[in-house]
>>> print(open('coords15.cif').read())   # mmCIF, C-alpha atoms, pLDDT in the B column; chains and numbers go by the auth columns
data_entry
#
loop_
_atom_site.group_PDB
_atom_site.id
_atom_site.type_symbol
_atom_site.label_atom_id
_atom_site.label_comp_id
_atom_site.label_asym_id
_atom_site.label_seq_id
_atom_site.Cartn_x
_atom_site.Cartn_y
_atom_site.Cartn_z
_atom_site.B_iso_or_equiv
_atom_site.auth_seq_id
_atom_site.auth_asym_id
ATOM 1 C CA HIS A 1 29.360 12.958 -25.000 90.00 290 B
ATOM 2 C CA TRP A 2 31.783 11.954 -27.754 90.00 291 B
ATOM 3 C CA TYR A 3 34.441 14.427 -26.574 88.00 292 B
ATOM 4 C CA ALA A 4 34.181 13.277 -22.973 90.00 293 B
ATOM 5 C CA MET A 5 34.272 9.610 -23.960 92.00 294 B
ATOM 6 C CA ARG A 6 37.291 10.207 -26.202 93.00 295 B
ATOM 7 C CA HIS A 7 39.189 11.983 -23.411 90.00 296 B
ATOM 8 C CA GLY A 8 38.131 9.781 -20.498 93.00 297 B
ATOM 9 C CA ILE A 9 36.095 12.530 -18.841 90.00 298 B
ATOM 10 C CA GLU A 10 33.100 11.667 -16.665 91.00 299 B
ATOM 11 C CA PHE A 11 30.064 13.094 -18.451 93.00 300 B
ATOM 12 C CA LYS A 12 26.341 12.671 -18.240 95.00 301 B
ATOM 13 C CA CYS A 13 24.015 15.121 -19.921 93.00 302 B
ATOM 14 C CA PRO A 14 21.368 16.634 -17.638 95.00 303 B
ATOM 15 C CA PRO A 15 17.769 15.480 -18.101 95.00 304 B
ATOM 16 C CA ALA A 16 16.815 18.609 -20.100 94.00 305 B
ATOM 17 C CA HIS A 17 18.747 21.096 -22.213 92.00 306 B
ATOM 18 C CA PRO A 18 18.682 24.021 -22.349 91.00 307 B
ATOM 19 C CA PHE A 19 17.892 24.485 -18.675 93.00 308 B
ATOM 20 C CA ASN A 20 17.724 27.424 -16.266 95.00 309 B
ATOM 21 C CA PRO A 21 21.293 27.907 -14.970 94.00 310 B
ATOM 22 C CA LEU A 22 20.420 30.647 -12.451 95.00 311 B
ATOM 23 C CA PRO A 23 20.311 28.444 -9.324 96.00 312 B
ATOM 24 C CA GLY A 24 23.787 27.046 -10.046 97.00 313 B
ATOM 25 C CA LEU A 25 25.254 30.420 -10.979 96.00 314 B
ATOM 26 C CA ARG A 26 23.822 32.019 -7.852 97.00 315 B
ATOM 27 C CA LEU A 27 25.121 29.144 -5.735 97.00 316 B
ATOM 28 C CA CYS A 28 28.636 29.666 -7.113 97.00 317 B
ATOM 29 C CA ILE A 29 28.455 33.355 -6.214 97.00 318 B
ATOM 30 C CA ALA A 30 27.002 32.692 -2.745 97.00 319 B
ATOM 31 C CA ALA A 31 29.892 30.278 -2.126 96.00 320 B
ATOM 32 C CA GLY A 32 32.452 32.926 -3.076 95.00 321 B
ATOM 33 C CA CYS A 33 33.150 31.615 -6.601 94.00 322 B
ATOM 34 C CA THR A 34 35.736 29.228 -5.227 96.00 323 B
ATOM 35 C CA HIS A 35 37.224 26.588 -7.509 96.00 324 B
ATOM 36 C CA ASP A 36 35.665 23.924 -5.281 97.00 325 B
ATOM 37 C CA ALA A 37 32.154 25.404 -5.560 97.00 326 B
ATOM 38 C CA VAL A 38 32.351 25.892 -9.327 95.00 327 B
ATOM 39 C CA ASP A 39 33.733 22.378 -9.769 96.00 328 B
ATOM 40 C CA LYS A 40 30.911 20.873 -7.695 97.00 329 B
ATOM 41 C CA VAL A 41 28.192 22.775 -9.577 97.00 330 B
ATOM 42 C CA PHE A 42 29.710 21.881 -12.960 94.00 331 B
ATOM 43 C CA SER A 43 30.073 18.224 -11.945 95.00 332 B
ATOM 44 C CA PHE A 44 26.501 18.194 -10.616 97.00 333 B
ATOM 45 C CA VAL A 45 25.121 19.154 -14.037 96.00 334 B
ATOM 46 C CA TRP A 46 27.624 17.734 -16.537 94.00 335 B
ATOM 47 C CA GLY A 47 29.339 14.937 -14.624 94.00 336 B
ATOM 48 C CA GLN A 48 26.374 13.484 -12.777 96.00 337 B
ATOM 49 C CA GLY A 49 23.628 14.667 -15.135 96.00 338 B
ATOM 50 C CA LYS A 50 21.503 16.176 -12.384 97.00 339 B
ATOM 51 C CA ALA A 51 19.076 19.095 -12.550 97.00 340 B
ATOM 52 C CA PHE A 52 18.716 22.120 -10.294 96.00 341 B
ATOM 53 C CA ASP A 53 14.960 21.520 -10.113 95.00 342 B
ATOM 54 C CA ASP A 54 15.430 17.996 -8.679 96.00 343 B
ATOM 55 C CA LYS A 55 14.708 18.837 -5.024 96.00 344 B
ATOM 56 C CA SER A 56 16.625 15.983 -3.378 97.00 345 B
ATOM 57 C CA ALA A 57 19.640 16.349 -5.689 97.00 346 B
ATOM 58 C CA TRP A 58 19.629 20.143 -5.145 96.00 347 B
ATOM 59 C CA GLU A 59 19.524 19.697 -1.364 95.00 348 B
ATOM 60 C CA GLN A 60 22.528 17.359 -1.566 96.00 349 B
ATOM 61 C CA LEU A 61 24.433 19.899 -3.662 97.00 350 B
ATOM 62 C CA LEU A 62 23.648 22.616 -1.122 96.00 351 B
ATOM 63 C CA ALA A 63 24.944 20.347 1.650 94.00 352 B
ATOM 64 C CA ASP A 64 28.117 19.590 -0.350 95.00 353 B
ATOM 65 C CA ILE A 65 28.893 23.262 -0.950 95.00 354 B
ATOM 66 C CA GLU A 66 27.891 24.522 2.509 89.00 355 B
ATOM 67 C CA VAL A 67 26.518 28.032 2.113 91.00 356 B
ATOM 68 C CA ASP A 68 25.001 29.553 5.239 89.00 357 B
ATOM 69 C CA ASP A 69 21.225 29.888 4.791 91.00 358 B
ATOM 70 C CA PRO A 70 21.342 29.123 1.051 89.00 359 B
ATOM 71 C CA GLU A 71 17.613 29.525 0.424 85.00 360 B
ATOM 72 C CA THR A 72 17.822 33.153 1.582 94.00 361 B
ATOM 73 C CA LYS A 73 21.288 33.947 0.269 95.00 362 B
ATOM 74 C CA LEU A 74 20.657 32.684 -3.281 94.00 363 B
ATOM 75 C CA VAL A 75 17.741 35.092 -3.757 95.00 364 B
ATOM 76 C CA SER A 76 19.419 38.004 -1.988 97.00 365 B
ATOM 77 C CA PRO A 77 19.834 41.275 -3.893 97.00 366 B
ATOM 78 C CA GLU A 78 23.612 41.045 -3.345 97.00 367 B
ATOM 79 C CA VAL A 79 23.930 37.673 -5.102 97.00 368 B
ATOM 80 C CA LYS A 80 21.517 38.664 -7.892 97.00 369 B
ATOM 81 C CA ASP A 81 23.332 41.976 -8.450 98.00 370 B
ATOM 82 C CA THR A 82 26.724 40.257 -8.511 97.00 371 B
ATOM 83 C CA LEU A 83 25.515 37.788 -11.148 97.00 372 B
ATOM 84 C CA ARG A 84 24.032 40.620 -13.206 97.00 373 B
ATOM 85 C CA THR A 85 27.273 42.640 -12.931 97.00 374 B
ATOM 86 C CA ASN A 86 29.400 39.603 -13.852 94.00 375 B
ATOM 87 C CA THR A 87 27.180 38.844 -16.853 92.00 376 B
ATOM 88 C CA GLU A 88 27.305 42.443 -18.076 94.00 377 B
ATOM 89 C CA ALA A 89 31.099 42.544 -17.644 92.00 378 B
ATOM 90 C CA ALA A 90 31.543 39.294 -19.557 91.00 379 B
ATOM 91 C CA THR A 91 29.294 40.524 -22.356 90.00 380 B
ATOM 92 C CA ALA A 92 31.176 43.828 -22.531 91.00 381 B
ATOM 93 C CA ARG A 93 34.462 41.939 -22.870 90.00 382 B
ATOM 94 C CA GLY A 94 33.108 39.836 -25.732 86.00 383 B
ATOM 95 C CA VAL A 95 32.538 36.568 -23.871 88.00 384 B
ATOM 96 C CA PHE A 96 29.728 34.715 -25.615 81.00 385 B
ATOM 97 C CA GLY A 97 30.180 31.006 -24.962 77.00 386 B
ATOM 98 C CA VAL A 98 31.354 28.324 -22.610 79.00 387 B
ATOM 99 C CA PRO A 99 34.098 27.717 -21.911 84.00 388 B
ATOM 100 C CA GLY A 100 35.327 31.246 -22.439 87.00 389 B
ATOM 101 C CA TYR A 101 38.609 32.773 -21.349 89.00 390 B
ATOM 102 C CA VAL A 102 39.701 36.395 -21.357 90.00 391 B
ATOM 103 C CA ILE A 103 43.472 36.769 -21.162 93.00 392 B
ATOM 104 C CA ASP A 104 45.116 40.139 -21.785 92.00 393 B
ATOM 105 C CA ASP A 105 41.826 41.386 -23.286 87.00 394 B
ATOM 106 C CA ARG A 106 41.802 38.523 -25.786 90.00 395 B
ATOM 107 C CA VAL A 107 38.782 36.218 -25.814 89.00 396 B
ATOM 108 C CA PHE A 108 39.325 32.499 -26.321 91.00 397 B
ATOM 109 C CA TRP A 109 36.147 30.489 -26.714 88.00 398 B
ATOM 110 C CA GLY A 110 35.352 26.794 -26.838 87.00 399 B
ATOM 111 C CA VAL A 111 37.008 23.641 -25.586 85.00 400 B
ATOM 112 C CA ASP A 112 38.848 23.436 -28.904 82.00 401 B
ATOM 113 C CA SER A 113 40.645 26.673 -27.983 88.00 402 B
ATOM 114 C CA LEU A 114 42.366 25.191 -24.921 90.00 403 B
ATOM 115 C CA PRO A 115 45.572 24.287 -26.809 92.00 404 B
ATOM 116 C CA MET A 116 45.645 27.857 -28.164 93.00 405 B
ATOM 117 C CA VAL A 117 45.185 29.246 -24.638 94.00 406 B
ATOM 118 C CA ILE A 118 48.148 27.183 -23.439 95.00 407 B
ATOM 119 C CA ASP A 119 50.284 28.255 -26.399 96.00 408 B
ATOM 120 C CA TYR A 120 49.334 31.895 -25.807 96.00 409 B
ATOM 121 C CA LEU A 121 50.186 31.680 -22.110 96.00 410 B
ATOM 122 C CA ASN A 122 53.578 30.218 -23.036 97.00 411 B
ATOM 123 C CA ASP A 123 54.231 32.760 -25.818 96.00 412 B
ATOM 124 C CA PRO A 124 51.822 35.714 -26.271 95.00 413 B
ATOM 125 C CA SER A 125 53.665 36.731 -29.434 95.00 414 B
ATOM 126 C CA ILE A 126 51.815 33.986 -31.366 93.00 415 B
ATOM 127 C CA MET A 127 48.970 36.476 -31.733 92.00 416 B
ATOM 128 C CA GLU A 128 51.186 39.201 -33.218 92.00 417 B
ATOM 129 C CA SER A 129 51.761 37.829 -36.712 92.00 418 B
ATOM 130 C CA ASP A 130 50.311 39.859 -39.562 94.00 419 B
ATOM 131 C CA GLU A 131 47.864 37.061 -40.408 95.00 420 B
ATOM 132 C CA MET A 132 46.605 36.688 -36.832 91.00 421 B
ATOM 133 C CA LYS A 133 46.061 40.461 -36.654 90.00 422 B
ATOM 134 C CA ARG A 134 44.234 40.410 -40.004 94.00 423 B
ATOM 135 C CA ILE A 135 41.985 37.555 -38.915 90.00 424 B
ATOM 136 C CA GLY A 136 41.275 39.280 -35.612 84.00 425 B
ATOM 137 C CA ASN A 137 40.013 42.372 -37.441 88.00 426 B
ATOM 138 C CA LEU A 138 37.878 40.846 -40.179 92.00 427 B
ATOM 139 C CA PRO A 139 34.692 42.774 -40.900 90.00 428 B
ATOM 140 C CA ALA A 140 31.295 41.085 -40.660 85.00 429 B
ATOM 141 C CA SER A 141 29.649 40.413 -44.002 89.00 430 B
ATOM 142 C CA ALA A 142 26.346 39.189 -42.583 85.00 431 B
ATOM 143 C CA ALA A 143 24.266 39.824 -39.484 79.00 432 B
ATOM 144 C CA ARG A 144 21.423 37.885 -37.924 75.00 433 B
ATOM 145 C CA LYS A 145 18.139 39.754 -37.876 78.00 434 B
ATOM 146 C CA ILE A 146 16.552 39.640 -34.469 70.00 435 B
#
>>> encode(input="coords15.cif", output="structure tokens")
Amino acid sequence: HWYAMRHGIEFKCPPAHPFNPLPGLRLCIAAGCTHDAVDKVFSFVWGQGKAFDDKSAWEQLLADIEVDDPETKLVSPEVKDTLRTNTEAATARGVFGVPGYVIDDRVFWGVDSLPMVIDYLNDPSIMESDEMKRIGNLPASAARKI
């Protein structure tokens, strides 16, 4: 909330968090993962503070995104398999948070990394200094027991 307020970004937290993101993720895939669809789903949750389990709000979102037969398509094996494949691919590439960016096999994570992403896109050599290489290859000294 503070970050959004500070940067003049419309933000309203959804009524519960964490929440089940599967309906929104499946809707994005069913809509072809277009920028428009992703933007509308993101705005639905984080701009308007709505929930996927709010039936009337969900129906309005479905109407806004216009997916043919959404109730069938969102539970189709094709959409579910695509989401599973995308999730596995992201995990394999080291993506672990939102927002996350993979550029040239480098993972940038968190809204605070956006200036670094821009700098990297303008000059990829910023990651080639000896110190950046050293930091990128630090060993773990602790691990969470699961």
>>> residues_around(input="coords15.cif", residues="B:Asp342", least_positions_apart="4", cutoff="10 Å", atoms="all atoms listed in the file", output="list in words")
Phe308, Asn309, Pro312, Ala346 and Trp347 of chain B
>>> residues_around(input="coords15.cif", residues="B:Asp353", least_positions_apart="6", cutoff="12 Å", atoms="all atoms listed in the file", output="list of chain:residue names")
B:Leu316, B:Ala320, B:Asp325, B:Ala326, B:Val327, B:Asp328, B:Lys329, B:Val330, B:Ser332, B:Phe333, B:Ala346, B:Trp347, B:Pro359
>>> axis_aligned_box(input="coords15.cif", around="stretch 416-430 of chain B", padding_each_side="6 Å", output="JSON")
{"center_x": 40.7, "center_y": 39.6, "center_z": -37.9, "size_x": 34.1, "size_y": 18.3, "size_z": 24.3}
>>> residues_around(input="coords15.cif", residues="B:Asn375", least_positions_apart="4", cutoff="12 Å", atoms="all atoms listed in the file", output="PyMOL selection string")
chain B and resi 314-315+318+322+368-371+379-382+384
>>> atom_distance(input="coords15.cif", atom1="atom CA of B:Gln349", atom2="atom CA of B:Val334")
12.9 Å
>>> atom_distance(input="coords15.cif", atom1="atom CA of B:Glu299", atom2="atom CA of B:Phe331")
11.4 Å
>>> decode(input="coords15.cif", residues="stretch 304-404 of chain B", atoms="C-alpha atoms", output="compact mmCIF listing (two decimals), in the first residue's frame")
# COMPACT_ATOMS: atom_id res chain seq x y z
CA PRO B 304 -10.23 -9.10 0.89
CA ALA B 305 -8.01 -12.07 1.85
CA HIS B 306 -4.33 -12.88 1.42
CA PRO B 307 -2.95 -15.31 0.56
CA PHE B 308 -5.67 -16.40 -1.83
CA ASN B 309 -6.06 -19.08 -4.50
CA PRO B 310 -4.65 -17.55 -7.71
CA LEU B 311 -5.61 -20.48 -9.98
CA PRO B 312 -8.78 -18.94 -11.46
CA GLY B 313 -6.92 -15.78 -12.50
CA LEU B 314 -3.90 -17.66 -13.82
CA ARG B 315 -6.12 -20.01 -15.82
CA LEU B 316 -8.10 -17.06 -17.16
CA CYS B 317 -4.90 -15.41 -18.39
CA ILE B 318 -3.93 -18.61 -20.20
CA ALA B 319 -7.41 -19.12 -21.67
CA ALA B 320 -7.26 -15.55 -23.00
CA GLY B 321 -3.93 -16.22 -24.71
CA CYS B 322 -1.74 -14.50 -22.08
CA THR B 323 -2.25 -11.17 -23.80
CA HIS B 324 -1.05 -8.00 -22.10
CA ASP B 325 -4.67 -6.85 -21.91
CA ALA B 326 -5.84 -10.02 -20.15
CA VAL B 327 -2.96 -10.05 -17.66
CA ASP B 328 -3.46 -6.35 -16.96
CA LYS B 329 -7.19 -6.85 -16.31
CA VAL B 330 -6.63 -9.82 -13.98
CA PHE B 331 -3.87 -7.99 -12.08
CA SER B 332 -6.01 -4.85 -11.79
CA PHE B 333 -8.99 -6.93 -10.66
CA VAL B 334 -7.04 -8.26 -7.67
CA TRP B 335 -4.55 -5.50 -6.82
CA GLY B 336 -6.12 -2.37 -8.28
CA GLN B 337 -9.75 -2.97 -7.39
CA GLY B 338 -9.21 -5.33 -4.45
CA LYS B 339 -11.61 -7.97 -5.74
CA ALA B 340 -11.58 -11.73 -5.18
CA PHE B 341 -11.93 -14.57 -7.66
CA ASP B 342 -14.51 -16.21 -5.38
CA ASP B 343 -16.81 -13.15 -5.51
CA LYS B 344 -19.31 -14.51 -8.05
CA SER B 345 -20.61 -11.19 -9.42
CA ALA B 346 -17.14 -9.63 -9.62
CA TRP B 347 -15.78 -12.79 -11.30
CA GLU B 348 -18.60 -12.75 -13.86
CA GLN B 349 -17.79 -9.12 -14.68
CA LEU B 350 -14.11 -9.99 -15.13
CA LEU B 351 -15.04 -12.84 -17.46
CA ALA B 352 -17.20 -10.44 -19.48
CA ASP B 353 -14.35 -7.89 -19.62
CA ILE B 354 -11.83 -10.43 -20.89
CA GLU B 355 -14.17 -12.27 -23.26
CA VAL B 356 -13.10 -15.91 -23.36
CA ASP B 357 -15.40 -18.23 -25.28
CA ASP B 358 -17.13 -20.61 -22.85
CA PRO B 359 -14.89 -19.65 -19.91
CA GLU B 360 -16.44 -22.04 -17.40
CA THR B 361 -15.45 -24.99 -19.61
CA LYS B 362 -12.19 -23.59 -20.95
CA LEU B 363 -10.74 -22.66 -17.54
CA VAL B 364 -11.01 -26.25 -16.30
CA SER B 365 -9.90 -27.83 -19.58
CA PRO B 366 -6.89 -30.15 -19.54
CA GLU B 367 -5.17 -27.87 -22.08
CA VAL B 368 -5.34 -24.79 -19.83
CA LYS B 369 -4.40 -26.77 -16.70
CA ASP B 370 -1.46 -28.43 -18.49
CA THR B 371 -0.24 -25.10 -19.85
CA LEU B 372 -0.28 -23.57 -16.36
CA ARG B 373 1.54 -26.59 -14.95
CA THR B 374 4.15 -26.44 -17.74
CA ASN B 375 4.63 -22.68 -17.28
CA THR B 376 5.02 -23.09 -13.51
CA GLU B 377 7.56 -25.90 -13.92
CA ALA B 378 9.51 -23.87 -16.50
CA ALA B 379 9.58 -20.81 -14.25
CA THR B 380 10.73 -22.90 -11.29
CA ALA B 381 13.44 -24.54 -13.39
CA ARG B 382 14.72 -21.11 -14.43
CA GLY B 383 14.91 -19.94 -10.82
CA VAL B 384 11.83 -17.71 -10.74
CA PHE B 385 10.54 -17.65 -7.17
CA GLY B 386 8.67 -14.39 -6.66
CA VAL B 387 6.54 -11.68 -8.16
CA PRO B 388 7.38 -9.68 -10.08
CA GLY B 389 10.06 -11.86 -11.61
CA TYR B 390 11.92 -11.34 -14.86
CA VAL B 391 14.21 -13.70 -16.73
CA ILE B 392 16.43 -11.89 -19.22
CA ASP B 393 19.34 -13.69 -20.87
CA ASP B 394 19.02 -16.47 -18.27
CA ARG B 395 19.39 -13.95 -15.44
CA VAL B 396 16.61 -13.76 -12.86
CA PHE B 397 15.57 -10.36 -11.54
CA TRP B 398 13.08 -10.47 -8.70
CA GLY B 399 11.02 -7.87 -6.88
CA VAL B 400 9.70 -4.43 -7.70
CA ASP B 401 12.91 -2.99 -6.28
CA SER B 402 14.80 -4.70 -9.11
CA LEU B 403 13.06 -2.73 -11.87
CA PRO B 404 15.78 -0.04 -12.06
